[in-house]
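The file data-v1.csv comes next; it holds CSV, N, CA and C atoms.
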chain,number,residue,atom,x,y,z
A,1,MET,N,-105.2,263.1,-243.6
A,1,MET,CA,-105.7,263.2,-242.2
A,1,MET,C,-105.5,261.9,-241.5
A,2,ASN,N,-105.1,262.0,-240.2
A,2,ASN,CA,-104.9,260.8,-239.4
A,2,ASN,C,-105.8,260.9,-238.2
A,3,VAL,N,-105.9,259.8,-237.4
A,3,VAL,CA,-106.8,259.8,-236.3
A,3,VAL,C,-106.5,260.9,-235.3
A,4,GLU,N,-105.2,261.2,-235.1
A,4,GLU,CA,-104.9,262.3,-234.1
A,4,GLU,C,-105.4,263.7,-234.6
A,5,GLU,N,-105.2,263.9,-235.9
A,5,GLU,CA,-105.7,265.2,-236.5
A,5,GLU,C,-107.3,265.3,-236.4
A,6,LEU,N,-107.9,264.2,-236.7
A,6,LEU,CA,-109.4,264.1,-236.6
A,6,LEU,C,-109.8,264.4,-235.2
A,7,HIS,N,-109.2,263.7,-234.2
A,7,HIS,CA,-109.6,263.9,-232.8
A,7,HIS,C,-109.3,265.4,-232.4
A,8,GLN,N,-108.2,265.9,-232.8
A,8,GLN,CA,-107.8,267.3,-232.4
A,8,GLN,C,-108.8,268.3,-233.0
A,9,TYR,N,-109.2,268.0,-234.3
A,9,TYR,CA,-110.2,269.0,-234.9
A,9,TYR,C,-111.5,268.9,-234.1
A,10,CYS,N,-112.0,267.7,-233.8
A,10,CYS,CA,-113.3,267.6,-233.1
A,10,CYS,C,-113.2,268.3,-231.7
A,11,MET,N,-112.1,268.1,-231.0
A,11,MET,CA,-111.9,268.7,-229.7
A,11,MET,C,-111.8,270.2,-229.8
A,12,SER,N,-111.4,270.8,-230.9
A,12,SER,CA,-111.3,272.2,-231.0
A,12,SER,C,-112.6,272.9,-231.2
A,13,LEU,N,-113.7,272.1,-231.4
A,13,LEU,CA,-115.0,272.7,-231.6
A,13,LEU,C,-115.7,273.0,-230.3
A,14,LYS,N,-116.4,274.0,-230.2
A,14,LYS,CA,-117.0,274.5,-229.0
A,14,LYS,C,-117.8,273.5,-228.2
A,15,GLY,N,-117.5,273.3,-227.0
A,15,GLY,CA,-118.2,272.4,-226.1
A,15,GLY,C,-118.0,270.9,-226.2
A,16,THR,N,-117.0,270.5,-227.0
A,16,THR,CA,-116.8,269.1,-227.3
A,16,THR,C,-116.2,268.4,-226.1
A,17,THR,N,-116.7,267.2,-225.8
A,17,THR,CA,-116.1,266.4,-224.8
A,17,THR,C,-115.9,265.0,-225.4
A,18,ALA,N,-115.0,264.2,-224.9
A,18,ALA,CA,-114.7,262.9,-225.4
A,18,ALA,C,-114.7,261.9,-224.3
A,19,SER,N,-115.1,260.7,-224.7
A,19,SER,CA,-115.2,259.6,-223.7
A,19,SER,C,-115.2,258.2,-224.4
A,20,PHE,N,-115.1,257.2,-223.6
A,20,PHE,CA,-115.1,255.8,-224.1
A,20,PHE,C,-116.2,255.0,-223.4
A,21,PRO,N,-117.5,255.4,-223.7
A,21,PRO,CA,-118.6,254.7,-222.9
A,21,PRO,C,-118.9,253.3,-223.3
A,22,PHE,N,-118.5,252.9,-224.5
A,22,PHE,CA,-118.8,251.5,-225.0
A,22,PHE,C,-117.7,250.5,-224.8
A,23,ASP,N,-116.4,251.0,-225.0
A,23,ASP,CA,-115.3,250.1,-224.9
A,23,ASP,C,-114.0,251.0,-224.9
A,24,ASP,N,-112.9,250.4,-224.9
A,24,ASP,CA,-111.6,251.1,-224.9
A,24,ASP,C,-111.1,251.6,-226.2
A,25,VAL,N,-111.8,251.3,-227.3
A,25,VAL,CA,-111.3,251.6,-228.7
A,25,VAL,C,-112.3,252.4,-229.5
A,26,SER,N,-113.5,252.8,-228.9
A,26,SER,CA,-114.5,253.6,-229.6
A,26,SER,C,-114.6,254.9,-229.0
A,27,LEU,N,-114.0,255.9,-229.6
A,27,LEU,CA,-114.0,257.3,-229.0
A,27,LEU,C,-115.3,258.0,-229.4
A,28,VAL,N,-116.0,258.4,-228.4
A,28,VAL,CA,-117.3,259.1,-228.6
A,28,VAL,C,-117.1,260.5,-228.3
A,29,LEU,N,-117.5,261.4,-229.2
A,29,LEU,CA,-117.4,262.8,-229.1
A,29,LEU,C,-118.8,263.4,-228.9
A,30,LYS,N,-119.0,264.2,-227.9
A,30,LYS,CA,-120.3,264.8,-227.5
A,30,LYS,C,-120.3,266.3,-227.4
A,31,VAL,N,-121.4,266.8,-227.6
A,31,VAL,CA,-121.7,268.3,-227.3
A,31,VAL,C,-123.0,268.4,-226.5
A,32,GLU,N,-122.9,269.1,-225.4
A,32,GLU,CA,-124.1,269.2,-224.5
A,32,GLU,C,-124.6,267.8,-224.1
A,33,GLY,N,-123.7,266.9,-223.9
A,33,GLY,CA,-124.0,265.6,-223.4
A,33,GLY,C,-124.6,264.6,-224.5
A,34,LYS,N,-124.7,265.1,-225.7
A,34,LYS,CA,-125.2,264.2,-226.8
A,34,LYS,C,-124.1,263.9,-227.8
A,35,MET,N,-124.1,262.7,-228.3
A,35,MET,CA,-123.1,262.2,-229.2
A,35,MET,C,-123.3,262.8,-230.6
A,36,PHE,N,-122.2,263.3,-231.2
A,36,PHE,CA,-122.2,263.8,-232.5
A,36,PHE,C,-121.2,263.0,-233.4
A,37,ALA,N,-120.3,262.3,-232.8
A,37,ALA,CA,-119.4,261.5,-233.6
A,37,ALA,C,-118.8,260.3,-232.8
A,38,LEU,N,-118.4,259.3,-233.6
A,38,LEU,CA,-117.7,258.2,-233.0
A,38,LEU,C,-116.5,257.8,-233.9
A,39,ILE,N,-115.4,257.7,-233.3
A,39,ILE,CA,-114.2,257.3,-234.1
A,39,ILE,C,-113.6,256.0,-233.5
A,40,PRO,N,-113.7,254.9,-234.3
A,40,PRO,CA,-113.1,253.7,-233.9
A,40,PRO,C,-111.6,253.7,-234.0
A,41,LEU,N,-110.9,253.5,-233.0
A,41,LEU,CA,-109.5,253.8,-233.0
A,41,LEU,C,-108.6,252.6,-233.5
A,42,GLU,N,-109.2,251.4,-233.5
A,42,GLU,CA,-108.4,250.3,-233.9
A,42,GLU,C,-108.7,249.7,-235.3
A,43,ARG,N,-109.4,250.5,-236.1
A,43,ARG,CA,-109.8,250.0,-237.4
A,43,ARG,C,-108.5,250.3,-238.3
A,44,PRO,N,-108.3,249.4,-239.3
A,44,PRO,CA,-107.2,249.6,-240.2
A,44,PRO,C,-107.3,250.9,-241.0
A,45,GLU,N,-108.5,251.2,-241.4
A,45,GLU,CA,-108.8,252.4,-242.2
A,45,GLU,C,-109.5,253.5,-241.3
A,46,LEU,N,-109.0,254.7,-241.4
A,46,LEU,CA,-109.6,255.8,-240.6
A,46,LEU,C,-111.1,256.0,-241.0
A,47,GLN,N,-112.0,256.1,-240.0
A,47,GLN,CA,-113.4,256.4,-240.3
A,47,GLN,C,-113.9,257.2,-239.1
A,48,ILE,N,-115.0,257.9,-239.4
A,48,ILE,CA,-115.8,258.6,-238.4
A,48,ILE,C,-117.3,258.5,-238.7
A,49,THR,N,-118.0,258.3,-237.7
A,49,THR,CA,-119.5,258.2,-237.8
A,49,THR,C,-120.1,259.5,-237.3
A,50,LEU,N,-121.0,260.1,-238.1
A,50,LEU,CA,-121.5,261.4,-237.8
A,50,LEU,C,-123.0,261.4,-237.9
A,51,LYS,N,-123.7,262.3,-237.1
A,51,LYS,CA,-125.1,262.5,-237.3
A,51,LYS,C,-125.3,263.4,-238.5
A,52,CYS,N,-126.4,263.1,-239.3
A,52,CYS,CA,-126.6,263.9,-240.5
A,52,CYS,C,-128.0,264.1,-240.8
A,53,ASP,N,-128.4,265.2,-241.4
A,53,ASP,CA,-129.7,265.4,-241.9
A,53,ASP,C,-130.1,264.3,-242.9
A,54,PRO,N,-131.2,263.6,-242.7
A,54,PRO,CA,-131.6,262.5,-243.6
A,54,PRO,C,-131.4,262.7,-245.1
A,55,GLU,N,-131.9,263.8,-245.6
A,55,GLU,CA,-131.8,264.1,-247.0
A,55,GLU,C,-130.4,264.3,-247.4
A,56,LYS,N,-129.6,265.0,-246.6
A,56,LYS,CA,-128.2,265.2,-246.9
A,56,LYS,C,-127.4,263.9,-246.9
A,57,ALA,N,-127.8,263.0,-245.9
A,57,ALA,CA,-127.2,261.7,-245.8
A,57,ALA,C,-127.3,260.9,-247.1
A,58,ILE,N,-128.5,260.9,-247.7
A,58,ILE,CA,-128.8,260.3,-249.0
A,58,ILE,C,-127.9,260.9,-250.1
A,59,GLU,N,-127.9,262.2,-250.2
A,59,GLU,CA,-127.1,262.9,-251.2
A,59,GLU,C,-125.6,262.5,-251.0
A,60,LEU,N,-125.1,262.5,-249.8
A,60,LEU,CA,-123.7,262.2,-249.6
A,60,LEU,C,-123.4,260.8,-250.0
A,61,ARG,N,-124.2,259.8,-249.6
A,61,ARG,CA,-124.0,258.4,-250.0
A,61,ARG,C,-124.0,258.3,-251.5
A,62,GLU,N,-124.9,259.0,-252.2
A,62,GLU,CA,-124.9,258.9,-253.7
A,62,GLU,C,-123.7,259.6,-254.3
A,63,HIS,N,-123.2,260.6,-253.8
A,63,HIS,CA,-122.1,261.4,-254.4
A,63,HIS,C,-120.7,260.9,-254.0
A,64,TYR,N,-120.6,260.4,-252.8
A,64,TYR,CA,-119.2,259.9,-252.4
A,64,TYR,C,-119.2,258.4,-252.0
A,65,PRO,N,-118.4,257.6,-252.7
A,65,PRO,CA,-118.3,256.2,-252.3
A,65,PRO,C,-117.7,256.0,-250.9
A,66,CYS,N,-117.1,257.0,-250.4
A,66,CYS,CA,-116.5,256.9,-249.0
A,66,CYS,C,-117.5,257.2,-247.9
A,67,VAL,N,-118.7,257.4,-248.3
A,67,VAL,CA,-119.8,257.7,-247.3
A,67,VAL,C,-120.8,256.5,-247.3
A,68,GLU,N,-121.0,255.9,-246.2
A,68,GLU,CA,-121.8,254.7,-246.0
A,68,GLU,C,-122.8,254.9,-244.9
A,69,PRO,N,-123.9,254.1,-244.9
A,69,PRO,CA,-124.8,254.1,-243.7
A,69,PRO,C,-124.0,253.6,-242.5
A,70,ALA,N,-124.2,254.2,-241.4
A,70,ALA,CA,-123.4,253.8,-240.2
A,70,ALA,C,-123.9,252.5,-239.6
A,71,TYR,N,-122.9,251.6,-239.4
A,71,TYR,CA,-123.1,250.3,-238.8
A,71,TYR,C,-123.5,250.5,-237.4
A,72,HIS,N,-124.6,249.8,-236.9
A,72,HIS,CA,-125.1,249.8,-235.6
A,72,HIS,C,-125.7,251.1,-235.2
A,73,PHE,N,-126.0,251.9,-236.1
A,73,PHE,CA,-126.7,253.2,-235.8
A,73,PHE,C,-128.0,253.3,-236.7
A,74,ASN,N,-128.8,254.2,-236.4
A,74,ASN,CA,-130.0,254.5,-237.2
A,74,ASN,C,-129.5,255.0,-238.5
A,75,LYS,N,-129.6,254.3,-239.6
A,75,LYS,CA,-129.1,254.6,-240.9
A,75,LYS,C,-129.7,255.8,-241.5
A,76,LYS,N,-130.9,256.2,-241.0
A,76,LYS,CA,-131.6,257.4,-241.5
A,76,LYS,C,-130.8,258.7,-241.1
A,77,TYR,N,-130.2,258.6,-239.9
A,77,TYR,CA,-129.6,259.8,-239.3
A,77,TYR,C,-128.1,259.8,-239.2
A,78,TRP,N,-127.5,258.6,-239.4
A,78,TRP,CA,-126.1,258.5,-239.1
A,78,TRP,C,-125.3,257.9,-240.4
A,79,ILE,N,-124.2,258.5,-240.6
A,79,ILE,CA,-123.3,258.1,-241.7
A,79,ILE,C,-121.9,257.8,-241.2
A,80,THR,N,-121.2,257.0,-242.0
A,80,THR,CA,-119.8,256.8,-241.7
A,80,THR,C,-119.0,257.3,-242.9
A,81,ILE,N,-118.0,258.1,-242.6
A,81,ILE,CA,-117.2,258.7,-243.6
A,81,ILE,C,-115.8,258.1,-243.5
A,82,TYR,N,-115.2,257.7,-244.6
A,82,TYR,CA,-113.8,257.2,-244.6
A,82,TYR,C,-113.0,258.4,-245.2
A,83,PRO,N,-112.4,259.2,-244.3
A,83,PRO,CA,-111.8,260.5,-244.7
A,83,PRO,C,-110.7,260.5,-245.8
A,84,ASN,N,-109.9,259.5,-245.8
A,84,ASN,CA,-108.8,259.5,-246.7
A,84,ASN,C,-109.1,258.9,-248.1
A,85,CYS,N,-110.4,258.7,-248.4
A,85,CYS,CA,-110.7,258.1,-249.7
A,85,CYS,C,-111.0,259.3,-250.7
A,86,GLU,N,-112.3,259.5,-251.0
A,86,GLU,CA,-112.6,260.5,-252.0
A,86,GLU,C,-112.9,261.9,-251.4
A,87,MET,N,-113.0,262.0,-250.1
A,87,MET,CA,-113.4,263.3,-249.5
A,87,MET,C,-112.2,264.0,-248.9
A,88,HIS,N,-111.9,265.2,-249.2
A,88,HIS,CA,-110.8,266.0,-248.7
A,88,HIS,C,-111.1,266.4,-247.3
A,89,ASP,N,-110.0,266.8,-246.6
A,89,ASP,CA,-110.1,267.1,-245.2
A,89,ASP,C,-111.1,268.2,-244.9
A,90,GLU,N,-111.2,269.3,-245.7
A,90,GLU,CA,-112.2,270.3,-245.4
A,90,GLU,C,-113.6,269.8,-245.6
A,91,GLY,N,-113.8,268.9,-246.5
A,91,GLY,CA,-115.2,268.3,-246.6
A,91,GLY,C,-115.5,267.5,-245.3
A,92,VAL,N,-114.6,266.8,-244.8
A,92,VAL,CA,-114.8,266.0,-243.6
A,92,VAL,C,-115.1,267.0,-242.4
A,93,LYS,N,-114.4,268.0,-242.3
A,93,LYS,CA,-114.6,269.0,-241.2
A,93,LYS,C,-116.0,269.7,-241.4
A,94,LYS,N,-116.4,269.9,-242.6
A,94,LYS,CA,-117.7,270.5,-242.8
A,94,LYS,C,-118.8,269.6,-242.3
A,95,TRP,N,-118.7,268.3,-242.5
A,95,TRP,CA,-119.7,267.3,-242.0
A,95,TRP,C,-119.6,267.1,-240.5
A,96,ILE,N,-118.5,267.3,-240.0
A,96,ILE,CA,-118.4,267.2,-238.5
A,96,ILE,C,-119.1,268.4,-237.9
A,97,ARG,N,-118.9,269.6,-238.4
A,97,ARG,CA,-119.7,270.7,-238.0
A,97,ARG,C,-121.2,270.6,-238.2
A,98,HIS,N,-121.5,270.0,-239.3
A,98,HIS,CA,-123.0,269.7,-239.6
A,98,HIS,C,-123.5,268.8,-238.5
A,99,SER,N,-122.8,267.8,-238.2
A,99,SER,CA,-123.2,266.8,-237.1
A,99,SER,C,-123.5,267.5,-235.8
A,100,ILE,N,-122.6,268.4,-235.4
A,100,ILE,CA,-122.9,269.2,-234.2
A,100,ILE,C,-124.2,270.0,-234.3
A,101,GLU,N,-124.3,270.7,-235.5
A,101,GLU,CA,-125.5,271.5,-235.7
A,101,GLU,C,-126.8,270.6,-235.6
A,102,GLU,N,-126.7,269.4,-236.1
A,102,GLU,CA,-127.9,268.5,-236.1
A,102,GLU,C,-128.2,268.1,-234.6
A,103,VAL,N,-127.2,267.9,-233.8
A,103,VAL,CA,-127.4,267.6,-232.4
A,103,VAL,C,-128.0,268.9,-231.7
A,104,ILE,N,-127.4,270.0,-231.9
A,104,ILE,CA,-127.8,271.2,-231.2
A,104,ILE,C,-129.2,271.6,-231.5
A,105,LYS,N,-129.6,271.5,-232.8
A,105,LYS,CA,-131.0,271.9,-233.1
A,105,LYS,C,-132.1,271.0,-232.5
A,106,LYS,N,-131.7,269.8,-232.0
A,106,LYS,CA,-132.7,268.9,-231.4
A,106,LYS,C,-132.8,269.2,-229.9
A,107,LEU,N,-131.9,270.0,-229.3
A,107,LEU,CA,-131.9,270.2,-227.9
A,107,LEU,C,-133.1,271.2,-227.5
A,108,PRO,N,-133.5,271.1,-226.3
A,108,PRO,CA,-134.5,272.1,-225.8
A,108,PRO,C,-133.9,273.5,-225.9
A,109,LYS,N,-134.8,274.5,-226.1
A,109,LYS,CA,-134.3,275.9,-226.3
A,109,LYS,C,-133.3,276.4,-225.3
A,110,SER,N,-133.5,276.0,-224.0
A,110,SER,CA,-132.6,276.5,-223.0
A,110,SER,C,-131.2,275.9,-223.2
A,111,LYS,N,-131.1,274.7,-223.6
A,111,LYS,CA,-129.8,274.0,-223.8
A,111,LYS,C,-129.2,274.7,-225.1
A,112,ARG,N,-130.0,275.0,-226.1
A,112,ARG,CA,-129.4,275.6,-227.3
A,112,ARG,C,-128.8,277.0,-226.9
A,113,GLU,N,-129.5,277.7,-226.1
A,113,GLU,CA,-129.0,279.0,-225.6
A,113,GLU,C,-127.7,278.9,-224.8
A,114,GLU,N,-127.7,277.9,-223.9
A,114,GLU,CA,-126.5,277.6,-223.1
A,114,GLU,C,-125.3,277.3,-224.1
A,115,TYR,N,-125.5,276.5,-225.1
A,115,TYR,CA,-124.5,276.2,-226.0
A,115,TYR,C,-124.0,277.4,-226.8
A,116,LYS,N,-125.0,278.2,-227.2
A,116,LYS,CA,-124.7,279.4,-228.0
A,116,LYS,C,-123.8,280.4,-227.2
A,117,ASN,N,-124.0,280.4,-225.9
A,117,ASN,CA,-123.3,281.3,-225.0
A,117,ASN,C,-122.0,280.8,-224.5
A,118,LEU,N,-121.6,279.6,-224.9
A,118,LEU,CA,-120.3,279.0,-224.4
A,118,LEU,C,-119.1,279.9,-224.9

Once you've parsed the file, please lay out its structure as structure tokens.
Amino acid sequence: MNVEELHQYCMSLKGTTASFPFDDVSLVLKVEGKMFALIPLERPELQITLKCDPEKAIELREHYPCVEPAYHFNKKYWITIYPNCEMHDEGVKKWIRHSIEEVIKKLPKSKREEYKNL
């Protein structure tokens, strides 16, 4: 997987938008106006930061050396995955979808319904 494939996959998911709110090299992906992923574009090694259920985040970090607490994020809820290490593409895609689910479930009911009906 490369950065273009990672970006394309994220953008293929329902309601995803992309922007550069922090700088010109940190691609932020949002759903319903809330961030679910960050892809730093100028890092030598591909990585993606995702929102994650706290218990699952611990399990992932214990099971995969390519999963770390996210730098500059709340480490309880955010992980960074280095996709081309020990985790295959389908595993990365699964955790991207999980990240969206984590964002959606925290939205008010009306926003969840809007997203569901997209």

Legend entry - Neighbour residues at most 8 Å from (-123.3, 264.6, -237.9) (only C-alpha atoms) as a ChimeraX atom specification: /A:36-37,49-53,78-79,95-103

Legend entry - Contacts of region 107-117 of chain A within 8 Å, only N, CA and C atoms, excl. fewer than 2 positions in-chain, as a list in words: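 The residues that qualify are Lys14, Gly15, Val31, Glu32, Glu102, Val103, Ile104 and Lys105 of chain A.
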
Inset, instruction - Quick one: pull the distance between atom N of Gln47 (chain A) and atom N of Asn84 (chain A), Å, one decimal. - result: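 It comes out at 7.0 Å.
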
Legend entry - Gap from CA of Lys76 (chain A) to CA of Ala57 (chain A) - Å, one decimal: 7.5 Å

Strand (DSSP E or B) positions in chain A, given as a PDB file with N, CA and C atoms, keeping the file's coordinate frame:
ATOM      1  N   THR A  16    -117.000 270.500-227.000  1.00  0.00           N
ATOM      2  CA  THR A  16    -116.800 269.100-227.300  1.00  0.00           C
ATOM      3  C   THR A  16    -116.200 268.400-226.100  1.00  0.00           C
ATOM      4  N   THR A  17    -116.700 267.200-225.800  1.00  0.00           N
ATOM      5  CA  THR A  17    -116.100 266.400-224.800  1.00  0.00           C
ATOM      6  C   THR A  17    -115.900 265.000-225.400  1.00  0.00           C
ATOM      7  N   ALA A  18    -115.000 264.200-224.900  1.00  0.00           N
ATOM      8  CA  ALA A  18    -114.700 262.900-225.400  1.00  0.00           C
ATOM      9  C   ALA A  18    -114.700 261.900-224.300  1.00  0.00           C
ATOM     10  N   SER A  19    -115.100 260.700-224.700  1.00  0.00           N
ATOM     11  CA  SER A  19    -115.200 259.600-223.700  1.00  0.00           C
ATOM     12  C   SER A  19    -115.200 258.200-224.400  1.00  0.00           C
ATOM     13  N   SER A  26    -113.500 252.800-228.900  1.00  0.00           N
ATOM     14  CA  SER A  26    -114.500 253.600-229.600  1.00  0.00           C
ATOM     15  C   SER A  26    -114.600 254.900-229.000  1.00  0.00           C
ATOM     16  N   LEU A  27    -114.000 255.900-229.600  1.00  0.00           N
ATOM     17  CA  LEU A  27    -114.000 257.300-229.000  1.00  0.00           C
ATOM     18  C   LEU A  27    -115.300 258.000-229.400  1.00  0.00           C
ATOM     19  N   VAL A  28    -116.000 258.400-228.400  1.00  0.00           N
ATOM     20  CA  VAL A  28    -117.300 259.100-228.600  1.00  0.00           C
ATOM     21  C   VAL A  28    -117.100 260.500-228.300  1.00  0.00           C
ATOM     22  N   LEU A  29    -117.500 261.400-229.200  1.00  0.00           N
ATOM     23  CA  LEU A  29    -117.400 262.800-229.100  1.00  0.00           C
ATOM     24  C   LEU A  29    -118.800 263.400-228.900  1.00  0.00           C
ATOM     25  N   LYS A  30    -119.000 264.200-227.900  1.00  0.00           N
ATOM     26  CA  LYS A  30    -120.300 264.800-227.500  1.00  0.00           C
ATOM     27  C   LYS A  30    -120.300 266.300-227.400  1.00  0.00           C
ATOM     28  N   VAL A  31    -121.400 266.800-227.600  1.00  0.00           N
ATOM     29  CA  VAL A  31    -121.700 268.300-227.300  1.00  0.00           C
ATOM     30  C   VAL A  31    -123.000 268.400-226.500  1.00  0.00           C
ATOM     31  N   LYS A  34    -124.700 265.100-225.700  1.00  0.00           N
ATOM     32  CA  LYS A  34    -125.200 264.200-226.800  1.00  0.00           C
ATOM     33  C   LYS A  34    -124.100 263.900-227.800  1.00  0.00           C
ATOM     34  N   MET A  35    -124.100 262.700-228.300  1.00  0.00           N
ATOM     35  CA  MET A  35    -123.100 262.200-229.200  1.00  0.00           C
ATOM     36  C   MET A  35    -123.300 262.800-230.600  1.00  0.00           C
ATOM     37  N   PHE A  36    -122.200 263.300-231.200  1.00  0.00           N
ATOM     38  CA  PHE A  36    -122.200 263.800-232.500  1.00  0.00           C
ATOM     39  C   PHE A  36    -121.200 263.000-233.400  1.00  0.00           C
ATOM     40  N   ALA A  37    -120.300 262.300-232.800  1.00  0.00           N
ATOM     41  CA  ALA A  37    -119.400 261.500-233.600  1.00  0.00           C
ATOM     42  C   ALA A  37    -118.800 260.300-232.800  1.00  0.00           C
ATOM     43  N   LEU A  38    -118.400 259.300-233.600  1.00  0.00           N
ATOM     44  CA  LEU A  38    -117.700 258.200-233.000  1.00  0.00           C
ATOM     45  C   LEU A  38    -116.500 257.800-233.900  1.00  0.00           C
ATOM     46  N   ILE A  39    -115.400 257.700-233.300  1.00  0.00           N
ATOM     47  CA  ILE A  39    -114.200 257.300-234.100  1.00  0.00           C
ATOM     48  C   ILE A  39    -113.600 256.000-233.500  1.00  0.00           C
ATOM     49  N   PRO A  40    -113.700 254.900-234.300  1.00  0.00           N
ATOM     50  CA  PRO A  40    -113.100 253.700-233.900  1.00  0.00           C
ATOM     51  C   PRO A  40    -111.600 253.700-234.000  1.00  0.00           C
ATOM     52  N   ILE A  48    -115.000 257.900-239.400  1.00  0.00           N
ATOM     53  CA  ILE A  48    -115.800 258.600-238.400  1.00  0.00           C
ATOM     54  C   ILE A  48    -117.300 258.500-238.700  1.00  0.00           C
ATOM     55  N   THR A  49    -118.000 258.300-237.700  1.00  0.00           N
ATOM     56  CA  THR A  49    -119.500 258.200-237.800  1.00  0.00           C
ATOM     57  C   THR A  49    -120.100 259.500-237.300  1.00  0.00           C
ATOM     58  N   LEU A  50    -121.000 260.100-238.100  1.00  0.00           N
ATOM     59  CA  LEU A  50    -121.500 261.400-237.800  1.00  0.00           C
ATOM     60  C   LEU A  50    -123.000 261.400-237.900  1.00  0.00           C
ATOM     61  N   LYS A  51    -123.700 262.300-237.100  1.00  0.00           N
ATOM     62  CA  LYS A  51    -125.100 262.500-237.300  1.00  0.00           C
ATOM     63  C   LYS A  51    -125.300 263.400-238.500  1.00  0.00           C
ATOM     64  N   VAL A  67    -118.700 257.400-248.300  1.00  0.00           N
ATOM     65  CA  VAL A  67    -119.800 257.700-247.300  1.00  0.00           C
ATOM     66  C   VAL A  67    -120.800 256.500-247.300  1.00  0.00           C
ATOM     67  N   GLU A  68    -121.000 255.900-246.200  1.00  0.00           N
ATOM     68  CA  GLU A  68    -121.800 254.700-246.000  1.00  0.00           C
ATOM     69  C   GLU A  68    -122.800 254.900-244.900  1.00  0.00           C
ATOM     70  N   PRO A  69    -123.900 254.100-244.900  1.00  0.00           N
ATOM     71  CA  PRO A  69    -124.800 254.100-243.700  1.00  0.00           C
ATOM     72  C   PRO A  69    -124.000 253.600-242.500  1.00  0.00           C
ATOM     73  N   TRP A  78    -127.500 258.600-239.400  1.00  0.00           N
ATOM     74  CA  TRP A  78    -126.100 258.500-239.100  1.00  0.00           C
ATOM     75  C   TRP A  78    -125.300 257.900-240.400  1.00  0.00           C
ATOM     76  N   ILE A  79    -124.200 258.500-240.600  1.00  0.00           N
ATOM     77  CA  ILE A  79    -123.300 258.100-241.700  1.00  0.00           C
ATOM     78  C   ILE A  79    -121.900 257.800-241.200  1.00  0.00           C
ATOM     79  N   THR A  80    -121.200 257.000-242.000  1.00  0.00           N
ATOM     80  CA  THR A  80    -119.800 256.800-241.700  1.00  0.00           C
ATOM     81  C   THR A  80    -119.000 257.300-242.900  1.00  0.00           C
ATOM     82  N   ILE A  81    -118.000 258.100-242.600  1.00  0.00           N
ATOM     83  CA  ILE A  81    -117.200 258.700-243.600  1.00  0.00           C
ATOM     84  C   ILE A  81    -115.800 258.100-243.500  1.00  0.00           C
TER      85      ILE A  81
END

Legend entry - A:Lys30, A:Glu45, A:Val67, A:Thr17 ranked by distance to Thr80 (chain A), top pick (using only N, CA and C atoms):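 Comparing A:Lys30, A:Glu45, A:Val67, A:Thr17 against Thr80 (chain A), the winner is A:Val67.
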
Inset, instruction - Would you list the contacts of Val25 (chain A) as a ChimeraX atom specification, taking every protein, DNA or RNA residue within 10 Å and counting only C-alpha atoms, but skipping same-chain residues closer than 5 positions in sequence? - result: /A:20,39-43

Would you mind exporting the chosen residues as a PDB file, keeping the file's coordinate frame, restricted to N, CA and C atoms?
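So again-v1.pdb came out as:
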ATOM      1  N   PHE A  20    -115.100 257.200-223.600  1.00  0.00           N
ATOM      2  CA  PHE A  20    -115.100 255.800-224.100  1.00  0.00           C
ATOM      3  C   PHE A  20    -116.200 255.000-223.400  1.00  0.00           C
ATOM      4  N   ILE A  39    -115.400 257.700-233.300  1.00  0.00           N
ATOM      5  CA  ILE A  39    -114.200 257.300-234.100  1.00  0.00           C
ATOM      6  C   ILE A  39    -113.600 256.000-233.500  1.00  0.00           C
ATOM      7  N   PRO A  40    -113.700 254.900-234.300  1.00  0.00           N
ATOM      8  CA  PRO A  40    -113.100 253.700-233.900  1.00  0.00           C
ATOM      9  C   PRO A  40    -111.600 253.700-234.000  1.00  0.00           C
ATOM     10  N   LEU A  41    -110.900 253.500-233.000  1.00  0.00           N
ATOM     11  CA  LEU A  41    -109.500 253.800-233.000  1.00  0.00           C
ATOM     12  C   LEU A  41    -108.600 252.600-233.500  1.00  0.00           C
ATOM     13  N   GLU A  42    -109.200 251.400-233.500  1.00  0.00           N
ATOM     14  CA  GLU A  42    -108.400 250.300-233.900  1.00  0.00           C
ATOM     15  C   GLU A  42    -108.700 249.700-235.300  1.00  0.00           C
ATOM     16  N   ARG A  43    -109.400 250.500-236.100  1.00  0.00           N
ATOM     17  CA  ARG A  43    -109.800 250.000-237.400  1.00  0.00           C
ATOM     18  C   ARG A  43    -108.500 250.300-238.300  1.00  0.00           C
TER      19      ARG A  43
END

Legend entry - Atomic separation - CA of Thr16 (chain A) relative to CA of Pro44 (chain A), Å: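 Value for the CA of Pro44 (chain A)-CA of Thr16 (chain A) distance: 25.3 Å.
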
Legend entry - Expected residue set, 6.5 Å radius at (-123.2, 255.8, -232.9), all atoms listed in the file, as a VMD selection string: chain A and resid 37 to 38 72 to 73

Atoms to include: N, CA and C atoms. Write the selected residues as an mmCIF file, in the coordinates of the input.
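What follows is the written file out.cif:
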data_model
loop_
_atom_site.group_PDB
_atom_site.id
_atom_site.type_symbol
_atom_site.label_atom_id
_atom_site.label_comp_id
_atom_site.auth_asym_id
_atom_site.auth_seq_id
_atom_site.Cartn_x
_atom_site.Cartn_y
_atom_site.Cartn_z
ATOM 1 N N ALA A 37 -120.300 262.300 -232.800
ATOM 2 C CA ALA A 37 -119.400 261.500 -233.600
ATOM 3 C C ALA A 37 -118.800 260.300 -232.800
ATOM 4 N N LEU A 38 -118.400 259.300 -233.600
ATOM 5 C CA LEU A 38 -117.700 258.200 -233.000
ATOM 6 C C LEU A 38 -116.500 257.800 -233.900
ATOM 7 N N HIS A 72 -124.600 249.800 -236.900
ATOM 8 C CA HIS A 72 -125.100 249.800 -235.600
ATOM 9 C C HIS A 72 -125.700 251.100 -235.200
ATOM 10 N N PHE A 73 -126.000 251.900 -236.100
ATOM 11 C CA PHE A 73 -126.700 253.200 -235.800
ATOM 12 C C PHE A 73 -128.000 253.300 -236.700
#

Inset, instruction - Name the closest residue to Val3 (chain A) among the candidates A:Leu27, A:Lys93, A:Leu46, A:Ser19; distances are taken between atoms, counting all atoms listed in the file. - result: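 Among the listed residues, A:Leu46 lies closest to Val3 (chain A).
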